[in-house]
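Data first, discussion second: the structure below is written as structure tokens.
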Amino acid sequence: MSDVLLSIPVRTMKPITSVRSNSAVDYEVLVRRGSFYGVADRIAELKQVGRILVITDTNVERLYAESLIRELTKAGFRTLKFVCKPGRRQKSLRTATEIFKFLFDHGADRYTLVLNVGGGTVGDLGGFVAALYLRGLRYIHIPTTLLSQADSGVGGKVNVNFGLNLNSLSVFHHPTAVWIDPDLLKTLPQREYLSGIAEIVKYAAILDQGFFEQLEGWSAQINKRCDDLIEAVIYHCIKMKCEIVSKDPKEQGPFRFFNYGHEIGHAIEVAYDYKHLLHGEAVSIGIMASSWIGRRAGLTDGGAFLRQETLLRAVGLPVDIPESLRARSDPAVLLDKISRILLLDKKRTPYGFMWIIPTKLGHGVCSTEIGRSLVAQCLLRLTQGRLTT
Ligand SMILES: NC(=O)c1ccc[n+]([C@@H]2O[C@H](COP(=O)([O-])OP(=O)(O)OC[C@H]3O[C@@H](n4cnc5c(N)ncnc54)[C@H](O)[C@@H]3O)[C@@H](O)[C@H]2O)c1
Ligand SMILES: [Zn+2]
């Protein structure tokens with residue numbers, strides 16, 4: 001995979017990849033700078049489109065969705081718009097219910113096309129609504145964060161959170177298309193951008209050693225946001241995800257590897273109320289935690305652990321819960337909270353908790369045989385800021 005990436009000059013890169021499976025899950029994923037300005041023309045190519053519901057948040061509305069709606073109206077489409085506040089707390093049943101009510105109030109029928117214009121929050125929320133309304137509407141993702149362009153836009157996992165249970169109201173409903181324009185990232189704040197880099201390191205560390213080695217060489221350029229490089233990196237990640245989702249659209253096999261770092265990562269994201277750690281920051285700490293467990297269980301190569309830590313630090317991501325956050329609460333209280341949240345996670349199975357553990361760079365295993373005491377030791381170190389010492 002890495003050779004392919006190295007040999008692709010960005011200008012000649014084929015911008016379209018796809019999900020193709022034996023089930024009724026086929027869709028195209030376009031990665032092209034400037035593609036945001038052709039959305040109306042591409043929708044015009046779809047059959048039986050009634051009204052278009054644009055779902056977005058207030059930041060993205062101002063930056064992109066307003067102009068998109070103008071373009072759609074000019075092209076003759078009838079549009080509806082639902083704008084939520086920014087932030088992961090909006091990924092709730094309450095906001096989903098507001099959108100359902102909005103759709104019913106406007107008499108939206110099954111030909112309504114949902115356009116999710118935003119990051120992973122809007123994508124998950126809009127996809128969830130599209131999955132349930134009148135037994136399912138078609139939807140298109142126009143992802144606007146690095147995280148959603150490189151990861152969450154593809155895969156069809158659409159969710160809302162329910163209390164402490166992150167992504168627990170969840171269904172598979174694949175999009176009709178995903179249109180990725182990396183130029184939209186120019187307005188993304190650096191911290192949000194780095195949050196997306198964490199998911200990219202996740203891909204490389206668990207699935208693709210060659211790609212990981214390239215990221216090691218590029219860490220300075222990645223941090224400075226070289227446009228051509230980021231476009232190629234998004235394409236590489238999404239192509240890899242498309243290949244895996246095509247084989248495993250319901251996450252019963254290799255698709256599970258995308259959950260690497262999301263076990264403890266999710267628990268600390270929720271423990272800090274979706275407020276103090278971004279999703280990718282929590283994943284960055286989570287992949288260190290899973291590999292710490294793997295090392296102690298004799299599954300993870302020590303060199304892989306260290307190189308992952310070095311890369312995450314080099315790009316500017318946390319590898320442990322930051323001191324400033326730990327200082328907010330008693331370590332014992334934090335430990336108890338994270339442990340309780342982990343027990344609620346949907347990765348529980350009748351045979352034990354499903355962990356994704358790296359073995360060596362670019363490889364990993366799914367295991368339900370990680371002992372509880374090992375997990376408890378990991379959480380203790382995490383809450384004391386000693387994961388990487
Ligand atoms: N479904 C999946 O497979 C999957 C995978 C990974 C993550 N997720 C979910 O994704 C969510 C996180 O998504 P996210 O990191 O994209 O965050 P987000 O969607 O909450 O967006 C982060 C912030 O960036 C702003 N923003 C978005 N695009 C912008 C742009 N182009 N310019 C300026 N500001 C912009 C938003 O308004 C928001 O304030 C989490 O809820 C996570 O659970 C889902
Ligand atoms: Zn994630």
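Naming works like this for the structure tokens: A, B, ... for the chains as they're shown, residue 1 at the start of each chain, ligands 1 onward in shown order.
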* Selection near Asp181 of chain A, 10 Å with only C-alpha atoms, sequence-local residues under 6 positions removed, as a list in words -> Leu30, Val31, Arg32, Arg33, Gly34, Ser35, Phe36, Tyr37, Ile142, Pro143, Thr144, Thr145, Gln149 and Glu231 of chain A
Residues of chain A within 12 Å of ligand 2: nearest atom pair and distance (Å, one decimal) for each, counting only C-alpha atoms and all ligand atoms, sorted by chain and number, as a Markdown table?
```
| residue | atom | partner | partner_atom_place_in_ligand_line | distance |
| --- | --- | --- | --- | --- |
| A:Gly119 | CA | ligand 2 | 1 (Zn) | 11.9 |
| A:Gly120 | CA | ligand 2 | 1 (Zn) | 8.9 |
| A:Thr121 | CA | ligand 2 | 1 (Zn) | 11.1 |
| A:Asp124 | CA | ligand 2 | 1 (Zn) | 11.4 |
| A:Leu146 | CA | ligand 2 | 1 (Zn) | 11.5 |
| A:Leu147 | CA | ligand 2 | 1 (Zn) | 7.8 |
| A:Ser148 | CA | ligand 2 | 1 (Zn) | 9.1 |
| A:Gln149 | CA | ligand 2 | 1 (Zn) | 11.9 |
| A:Ala150 | CA | ligand 2 | 1 (Zn) | 10.4 |
| A:Asp151 | CA | ligand 2 | 1 (Zn) | 7.5 |
| A:Ser152 | CA | ligand 2 | 1 (Zn) | 7.1 |
| A:Gly153 | CA | ligand 2 | 1 (Zn) | 11.0 |
| A:Val154 | CA | ligand 2 | 1 (Zn) | 11.9 |
| A:Gly155 | CA | ligand 2 | 1 (Zn) | 11.8 |
| A:Lys157 | CA | ligand 2 | 1 (Zn) | 11.1 |
| A:Leu166 | CA | ligand 2 | 1 (Zn) | 11.1 |
| A:Asn167 | CA | ligand 2 | 1 (Zn) | 10.5 |
| A:Ser195 | CA | ligand 2 | 1 (Zn) | 9.3 |
| A:Gly196 | CA | ligand 2 | 1 (Zn) | 8.6 |
| A:Ile197 | CA | ligand 2 | 1 (Zn) | 10.7 |
| A:Ala198 | CA | ligand 2 | 1 (Zn) | 8.5 |
| A:Glu199 | CA | ligand 2 | 1 (Zn) | 6.2 |
| A:Ile200 | CA | ligand 2 | 1 (Zn) | 9.8 |
| A:Val201 | CA | ligand 2 | 1 (Zn) | 11.2 |
| A:Lys202 | CA | ligand 2 | 1 (Zn) | 9.0 |
| A:Tyr203 | CA | ligand 2 | 1 (Zn) | 10.4 |
| A:Arg256 | CA | ligand 2 | 1 (Zn) | 11.7 |
| A:Phe257 | CA | ligand 2 | 1 (Zn) | 11.1 |
| A:Phe258 | CA | ligand 2 | 1 (Zn) | 7.6 |
| A:Asn259 | CA | ligand 2 | 1 (Zn) | 7.0 |
| A:Tyr260 | CA | ligand 2 | 1 (Zn) | 8.6 |
| A:Gly261 | CA | ligand 2 | 1 (Zn) | 8.2 |
| A:His262 | CA | ligand 2 | 1 (Zn) | 6.5 |
| A:Glu263 | CA | ligand 2 | 1 (Zn) | 10.2 |
| A:Ile264 | CA | ligand 2 | 1 (Zn) | 11.7 |
| A:Gly265 | CA | ligand 2 | 1 (Zn) | 8.6 |
| A:His266 | CA | ligand 2 | 1 (Zn) | 8.4 |
| A:Glu269 | CA | ligand 2 | 1 (Zn) | 10.7 |
| A:Leu278 | CA | ligand 2 | 1 (Zn) | 10.1 |
| A:His279 | CA | ligand 2 | 1 (Zn) | 6.4 |
| A:Gly280 | CA | ligand 2 | 1 (Zn) | 6.4 |
| A:Glu281 | CA | ligand 2 | 1 (Zn) | 9.7 |
| A:Ala282 | CA | ligand 2 | 1 (Zn) | 8.8 |
| A:Val283 | CA | ligand 2 | 1 (Zn) | 6.5 |
| A:Ser284 | CA | ligand 2 | 1 (Zn) | 9.6 |
| A:Ile285 | CA | ligand 2 | 1 (Zn) | 11.9 |
| A:Gly286 | CA | ligand 2 | 1 (Zn) | 10.2 |
| A:Ile287 | CA | ligand 2 | 1 (Zn) | 10.8 |
```
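Interatomic distance, atom CA of Val129 of chain A against atom CA of Phe353 of chain A: 28.8 Å.
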* Asked: Expressed in Å to a single decimal, how great is the separation between atom CA of Ala44 of chain A and atom CA of Asn159 of chain A?
  -> 28.3 Å
